[in-house]
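A.B. asks: The structure's right below; bear with me while I get my questions together.
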Amino acid sequence: FGCGIKQIPEWIARMEQLQSLDLRKNSITSDGIPAELSRLVNLSKLLLNNNQITEFPPAILNMPNLRELELAGNKILSIPEALGQLRFLQRLVISNNKLQALPNSIGFLTELQMFDMKGNEIKDLPPSMGHLTALQRFDMSENMVTALPWEFGGMTQLQVFEVKQNPLVIPPTPEVNKGLANMLEWLRDNEKAGRAGAAKSGLTKDAKWSPSQTWTFLFFSPLLQNTNNTHNPTRHYPPLPPSLSLKSPHTQPVKQNVVNHLHHLVAGLVKIE
């Protein structure tokens, strides 16, 4: 812990009965993690927070008894599908890296109780996470997630669920603000309509903007302030209400493809009037 080392000594791999290894706050790089570390088959706790790791260490994937894994504060870009091999993992901390996605195999970590992925660039959560039936604490704050998987509605064992600083549309902000129980209930109540909407191409051009669609537009518009508007942003969709004209000071120019995407997200959740 905090020894300033750049490489894990290979002799550590000979300590085959080792159960806990704390190497936080060093300068360890991906090349500084020897493949021989996979010999630590009895290791149950590995802490590699705040180092200089850019690739998920392959040696970790051969530690079958690992219960706690912390890799926060590194520069890791991706996590391999083989993560699902760590079936006994109970605590996983990958916060403050540069991750853009999670592997689908994360759903195999059915003993996971605590998962922290705060401060990454993740846009989508795998539906397989609905299989994490032991998960009690989940922090996904400070990412780029717009929609929670419908499968999350069944994760009633969750006690702490942090979602702040994500551009969430599903569930909508009013439901998120009501707390965890309301969020999960909303997902359950709207799952059927939401799944049906995902299969559609969008709304008809003769439809009107519903309150939910209007809210979605207003939510995203501040995020799009410098977007060049070279096309008619409502070309295939109903016109905005007069109070929400694109010339209004309360809105910002939006590209056609962005509006299309937002409509697709809410198409199954609203009733076209």
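FYI, nothing fancy with the structure tokens labels: chains A, B, ... in order, residues from 1 per chain, ligands from 1 as they appear.
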What's around Glu142 in chain A at 8 Å? Count only C-alpha atoms, leave out sequence neighbours fewer than 4 positions away in its own chain, and write the answer as a list in words.
C.D. replies: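 Counting only C-alpha atoms, the residues come to Lys118, Gly119, Asn120, Glu121, Val163, Lys164, Gln165 and Asn166 of chain A.
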A.B. asks: Output C-alpha atoms of each residue in that selection to a file, as an mmCIF file, in the first residue's frame.
C.D. replies:
```
data_model
loop_
_atom_site.group_PDB
_atom_site.id
_atom_site.type_symbol
_atom_site.label_atom_id
_atom_site.label_comp_id
_atom_site.auth_asym_id
_atom_site.auth_seq_id
_atom_site.Cartn_x
_atom_site.Cartn_y
_atom_site.Cartn_z
ATOM 1 C CA LYS A 118 -19.095 5.562 -10.647
ATOM 2 C CA GLY A 119 -17.255 8.098 -12.785
ATOM 3 C CA ASN A 120 -16.876 6.306 -16.115
ATOM 4 C CA GLU A 121 -18.290 6.912 -19.613
ATOM 5 C CA VAL A 163 -27.909 7.212 -10.316
ATOM 6 C CA LYS A 164 -27.079 10.922 -10.033
ATOM 7 C CA GLN A 165 -25.401 12.772 -12.908
ATOM 8 C CA ASN A 166 -26.693 10.506 -15.652
#
```
A.B. asks: As a list in words, please: the residues near Leu109 in chain A (cut-off 7 Å, only C-alpha atoms, same-chain neighbours under 4 positions excluded).
C.D. replies: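 Skipping anything fewer than 4 positions along the chain leaves Gly84, Leu86, Arg87, Phe88, Leu89 and Leu132 of chain A.
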A.B. asks: Show which residues sit within 8 Å of Lys6 in chain A, as a PyMOL selection string. Count only C-alpha atoms, and ignore same-chain residues fewer than 6 positions away.
C.D. replies: chain A and resi 26-29+32
A.B. asks: Write out as a PyMOL selection string each polymer residue whose atoms come within 9 Å of Leu125 in chain A, counting only C-alpha atoms; drop sequence neighbours fewer than 3 positions from it.
C.D. replies: chain A and resi 101-104+122+128-129+145+147-149
A.B. asks: Selected residues, all heavy atoms, written as a compact mmCIF listing (two decimals), in the first residue's frame, please.
C.D. replies:
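So selection-v8.txt came out as:
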```
# COMPACT_ATOMS: atom_id res chain seq x y z
N ALA A 101 -18.31 0.63 -21.58
CA ALA A 101 -19.30 -0.46 -21.63
C ALA A 101 -18.96 -1.50 -20.58
O ALA A 101 -17.84 -1.56 -20.07
CB ALA A 101 -19.33 -1.09 -23.03
N LEU A 102 -19.96 -2.30 -20.26
CA LEU A 102 -19.78 -3.45 -19.38
C LEU A 102 -20.00 -4.73 -20.18
O LEU A 102 -20.80 -4.75 -21.11
CB LEU A 102 -20.79 -3.40 -18.23
CG LEU A 102 -20.69 -2.24 -17.25
CD1 LEU A 102 -21.87 -2.28 -16.27
CD2 LEU A 102 -19.37 -2.25 -16.50
N PRO A 103 -19.31 -5.81 -19.82
CA PRO A 103 -19.52 -7.07 -20.54
C PRO A 103 -20.87 -7.69 -20.18
O PRO A 103 -21.35 -7.57 -19.05
CB PRO A 103 -18.36 -7.94 -20.05
CG PRO A 103 -18.05 -7.41 -18.69
CD PRO A 103 -18.28 -5.93 -18.76
N ASN A 104 -21.49 -8.35 -21.14
CA ASN A 104 -22.76 -9.04 -20.87
C ASN A 104 -22.61 -10.11 -19.81
O ASN A 104 -23.55 -10.42 -19.08
CB ASN A 104 -23.30 -9.67 -22.17
CG ASN A 104 -23.78 -8.62 -23.15
OD1 ASN A 104 -24.34 -7.61 -22.77
ND2 ASN A 104 -23.56 -8.88 -24.43
N ILE A 122 -19.86 5.10 -19.31
CA ILE A 122 -20.75 4.02 -19.71
C ILE A 122 -22.11 4.57 -20.14
O ILE A 122 -22.72 5.37 -19.42
CB ILE A 122 -20.89 3.01 -18.57
CG1 ILE A 122 -19.53 2.35 -18.30
CG2 ILE A 122 -21.95 1.96 -18.88
CD1 ILE A 122 -19.49 1.50 -17.05
N SER A 128 -28.49 -8.30 -18.77
CA SER A 128 -28.11 -9.45 -17.94
C SER A 128 -27.90 -9.07 -16.49
O SER A 128 -27.92 -9.93 -15.61
CB SER A 128 -26.82 -10.08 -18.49
OG SER A 128 -25.73 -9.18 -18.43
N MET A 129 -27.73 -7.78 -16.20
CA MET A 129 -27.56 -7.36 -14.82
C MET A 129 -28.79 -7.65 -13.99
O MET A 129 -28.74 -7.67 -12.76
CB MET A 129 -27.21 -5.87 -14.76
CG MET A 129 -25.79 -5.55 -15.22
SD MET A 129 -25.36 -3.81 -14.97
CE MET A 129 -25.38 -3.70 -13.18
N VAL A 145 -25.55 7.08 -18.84
CA VAL A 145 -26.66 6.16 -19.02
C VAL A 145 -27.97 6.93 -19.23
O VAL A 145 -28.32 7.80 -18.43
CB VAL A 145 -26.80 5.21 -17.81
CG1 VAL A 145 -27.98 4.27 -18.01
CG2 VAL A 145 -25.51 4.43 -17.60
N ALA A 147 -30.96 5.09 -20.12
CA ALA A 147 -32.09 4.20 -19.82
C ALA A 147 -31.64 3.01 -19.00
O ALA A 147 -30.64 2.37 -19.32
CB ALA A 147 -32.74 3.73 -21.11
N LEU A 148 -32.38 2.73 -17.94
CA LEU A 148 -32.13 1.52 -17.16
C LEU A 148 -32.79 0.34 -17.86
O LEU A 148 -33.89 0.49 -18.41
CB LEU A 148 -32.70 1.66 -15.75
CG LEU A 148 -32.11 2.75 -14.85
CD1 LEU A 148 -32.78 2.71 -13.48
CD2 LEU A 148 -30.61 2.60 -14.71
N PRO A 149 -32.16 -0.82 -17.85
CA PRO A 149 -32.81 -2.00 -18.43
C PRO A 149 -34.11 -2.31 -17.69
O PRO A 149 -34.20 -2.13 -16.47
CB PRO A 149 -31.77 -3.11 -18.21
CG PRO A 149 -30.46 -2.40 -18.06
CD PRO A 149 -30.80 -1.11 -17.37
```
A.B. asks: Residues at most 8 Å from Asp22 in chain A, counting only C-alpha atoms, excluding those fewer than 4 positions away in the same chain, as a VMD selection string?
C.D. replies: chain A and resid 1 45 to 48
A.B. asks: Quick one, how far is CA of Asp116 in chain A from CA of Pro80 in chain A?
C.D. replies: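 So the two atoms, CA of Asp116 in chain A and CA of Pro80 in chain A, lie 17.1 Å apart.
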A.B. asks: Taking 6 positions as the minimum chain separation for residues in the same chain, which residues sit within 12 Å of Ile60 in chain A when counting only C-alpha atoms? Answer as number ranges by chain.
C.D. replies: A: 30, 33-48, 66-71, 79-80, 82-86, 89
A.B. asks: Output N, CA and C atoms for every residue in that selection, as an mmCIF file, in the first residue's frame.
C.D. replies:
```
data_model
loop_
_atom_site.group_PDB
_atom_site.id
_atom_site.type_symbol
_atom_site.label_atom_id
_atom_site.label_comp_id
_atom_site.auth_asym_id
_atom_site.auth_seq_id
_atom_site.Cartn_x
_atom_site.Cartn_y
_atom_site.Cartn_z
ATOM 1 N N SER A 30 -0.031 -1.742 -16.476
ATOM 2 C CA SER A 30 -0.520 -3.031 -16.961
ATOM 3 C C SER A 30 0.631 -4.001 -17.195
ATOM 4 N N ILE A 33 2.110 -6.064 -14.143
ATOM 5 C CA ILE A 33 1.361 -7.138 -13.469
ATOM 6 C C ILE A 33 1.710 -8.459 -14.142
ATOM 7 N N PRO A 34 2.564 -9.265 -13.537
ATOM 8 C CA PRO A 34 3.038 -10.492 -14.186
ATOM 9 C C PRO A 34 1.937 -11.540 -14.341
ATOM 10 N N ALA A 35 2.025 -12.300 -15.421
ATOM 11 C CA ALA A 35 1.056 -13.369 -15.676
ATOM 12 C C ALA A 35 1.098 -14.410 -14.569
ATOM 13 N N GLU A 36 2.259 -14.541 -13.929
ATOM 14 C CA GLU A 36 2.425 -15.529 -12.855
ATOM 15 C C GLU A 36 1.499 -15.268 -11.670
ATOM 16 N N LEU A 37 0.952 -14.069 -11.592
ATOM 17 C CA LEU A 37 0.070 -13.735 -10.481
ATOM 18 C C LEU A 37 -1.170 -14.635 -10.460
ATOM 19 N N SER A 38 -1.450 -15.257 -11.591
ATOM 20 C CA SER A 38 -2.600 -16.161 -11.676
ATOM 21 C C SER A 38 -2.431 -17.405 -10.803
ATOM 22 N N ARG A 39 -1.228 -17.607 -10.292
ATOM 23 C CA ARG A 39 -0.995 -18.750 -9.395
ATOM 24 C C ARG A 39 -1.661 -18.548 -8.033
ATOM 25 N N LEU A 40 -2.058 -17.333 -7.751
ATOM 26 C CA LEU A 40 -2.658 -17.046 -6.448
ATOM 27 C C LEU A 40 -4.122 -17.485 -6.441
ATOM 28 N N VAL A 41 -4.318 -18.779 -6.534
ATOM 29 C CA VAL A 41 -5.673 -19.333 -6.673
ATOM 30 C C VAL A 41 -6.474 -19.251 -5.386
ATOM 31 N N ASN A 42 -5.828 -18.972 -4.264
ATOM 32 C CA ASN A 42 -6.538 -18.851 -2.996
ATOM 33 C C ASN A 42 -6.820 -17.405 -2.616
ATOM 34 N N LEU A 43 -6.432 -16.483 -3.480
ATOM 35 C CA LEU A 43 -6.629 -15.069 -3.184
ATOM 36 C C LEU A 43 -8.121 -14.740 -3.184
ATOM 37 N N SER A 44 -8.577 -14.091 -2.129
ATOM 38 C CA SER A 44 -9.991 -13.718 -2.035
ATOM 39 C C SER A 44 -10.184 -12.202 -2.080
ATOM 40 N N LYS A 45 -9.098 -11.446 -1.877
ATOM 41 C CA LYS A 45 -9.211 -9.984 -1.860
ATOM 42 C C LYS A 45 -8.017 -9.368 -2.582
ATOM 43 N N LEU A 46 -8.300 -8.576 -3.628
ATOM 44 C CA LEU A 46 -7.242 -7.919 -4.398
ATOM 45 C C LEU A 46 -7.604 -6.450 -4.591
ATOM 46 N N LEU A 47 -6.743 -5.570 -4.081
ATOM 47 C CA LEU A 47 -6.968 -4.133 -4.162
ATOM 48 C C LEU A 47 -5.864 -3.494 -5.005
ATOM 49 N N LEU A 48 -6.271 -2.935 -6.152
ATOM 50 C CA LEU A 48 -5.319 -2.297 -7.065
ATOM 51 C C LEU A 48 -5.760 -0.866 -7.391
ATOM 52 N N LEU A 66 -11.725 -15.388 -5.824
ATOM 53 C CA LEU A 66 -11.754 -13.957 -5.559
ATOM 54 C C LEU A 66 -13.146 -13.512 -5.110
ATOM 55 N N ARG A 67 -13.191 -12.834 -3.972
ATOM 56 C CA ARG A 67 -14.451 -12.292 -3.443
ATOM 57 C C ARG A 67 -14.530 -10.774 -3.574
ATOM 58 N N GLU A 68 -13.378 -10.129 -3.457
ATOM 59 C CA GLU A 68 -13.343 -8.671 -3.516
ATOM 60 C C GLU A 68 -12.298 -8.224 -4.527
ATOM 61 N N LEU A 69 -12.718 -7.369 -5.465
ATOM 62 C CA LEU A 69 -11.811 -6.847 -6.479
ATOM 63 C C LEU A 69 -12.048 -5.349 -6.622
ATOM 64 N N GLU A 70 -10.975 -4.581 -6.412
ATOM 65 C CA GLU A 70 -11.076 -3.136 -6.530
ATOM 66 C C GLU A 70 -10.009 -2.630 -7.496
ATOM 67 N N LEU A 71 -10.470 -1.909 -8.526
ATOM 68 C CA LEU A 71 -9.588 -1.360 -9.559
ATOM 69 C C LEU A 71 -9.888 0.120 -9.795
ATOM 70 N N ILE A 79 -13.473 -4.023 -20.074
ATOM 71 C CA ILE A 79 -13.455 -5.221 -19.224
ATOM 72 C C ILE A 79 -13.840 -6.409 -20.083
ATOM 73 N N PRO A 80 -13.066 -7.494 -20.044
ATOM 74 C CA PRO A 80 -13.333 -8.641 -20.923
ATOM 75 C C PRO A 80 -14.570 -9.433 -20.511
ATOM 76 N N ALA A 82 -14.681 -12.424 -20.121
ATOM 77 C CA ALA A 82 -14.257 -13.477 -19.190
ATOM 78 C C ALA A 82 -14.447 -13.090 -17.729
ATOM 79 N N LEU A 83 -14.830 -11.851 -17.466
ATOM 80 C CA LEU A 83 -15.107 -11.447 -16.081
ATOM 81 C C LEU A 83 -16.138 -12.360 -15.444
ATOM 82 N N GLY A 84 -17.041 -12.885 -16.243
ATOM 83 C CA GLY A 84 -18.093 -13.763 -15.740
ATOM 84 C C GLY A 84 -17.584 -15.037 -15.101
ATOM 85 N N GLN A 85 -16.287 -15.337 -15.290
ATOM 86 C CA GLN A 85 -15.703 -16.529 -14.672
ATOM 87 C C GLN A 85 -15.550 -16.373 -13.165
ATOM 88 N N LEU A 86 -15.511 -15.150 -12.685
ATOM 89 C CA LEU A 86 -15.288 -14.911 -11.256
ATOM 90 C C LEU A 86 -16.608 -15.048 -10.499
ATOM 91 N N LEU A 89 -17.403 -13.613 -6.862
ATOM 92 C CA LEU A 89 -17.153 -12.209 -6.577
ATOM 93 C C LEU A 89 -18.354 -11.586 -5.851
#
```
A.B. asks: Just list the residues in range 60-191 of chain A DSSP gives alpha helix (DSSP H) on the backbone, as a list in words.
C.D. replies: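 Here is the list: Thr173, Pro174, Glu175, Val176, Asn177, Leu180, Ala181, Asn182, Met183, Leu184, Glu185, Trp186, Leu187, Arg188, Asp189, Asn190 and Glu191 of chain A.
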A.B. asks: May I ask which of the residues A:Gln90, A:Gln136, A:Gln19, A:Asn97 is the closest one to Thr54 in chain A, counting only C-alpha atoms?
C.D. replies: A:Asn97
A.B. asks: Assign secondary structure with DSSP using the backbone only, and return the residues of range 8-99 of chain A in strand (DSSP E) as a ChimeraX atom specification.
C.D. replies: /A:20-22,45-47,68-70,91-93
A.B. asks: Would you work out the distance separating CA of Pro174 in chain A from CA of Leu187 in chain A, expressed in Å to one decimal?
C.D. replies: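 It comes out at 13.1 Å.
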A.B. asks: For a test of reading the model, state the distance in Å between CA of Met155 in chain A and CA of Pro172 in chain A, rounded to one decimal.
C.D. replies: 18.1 Å
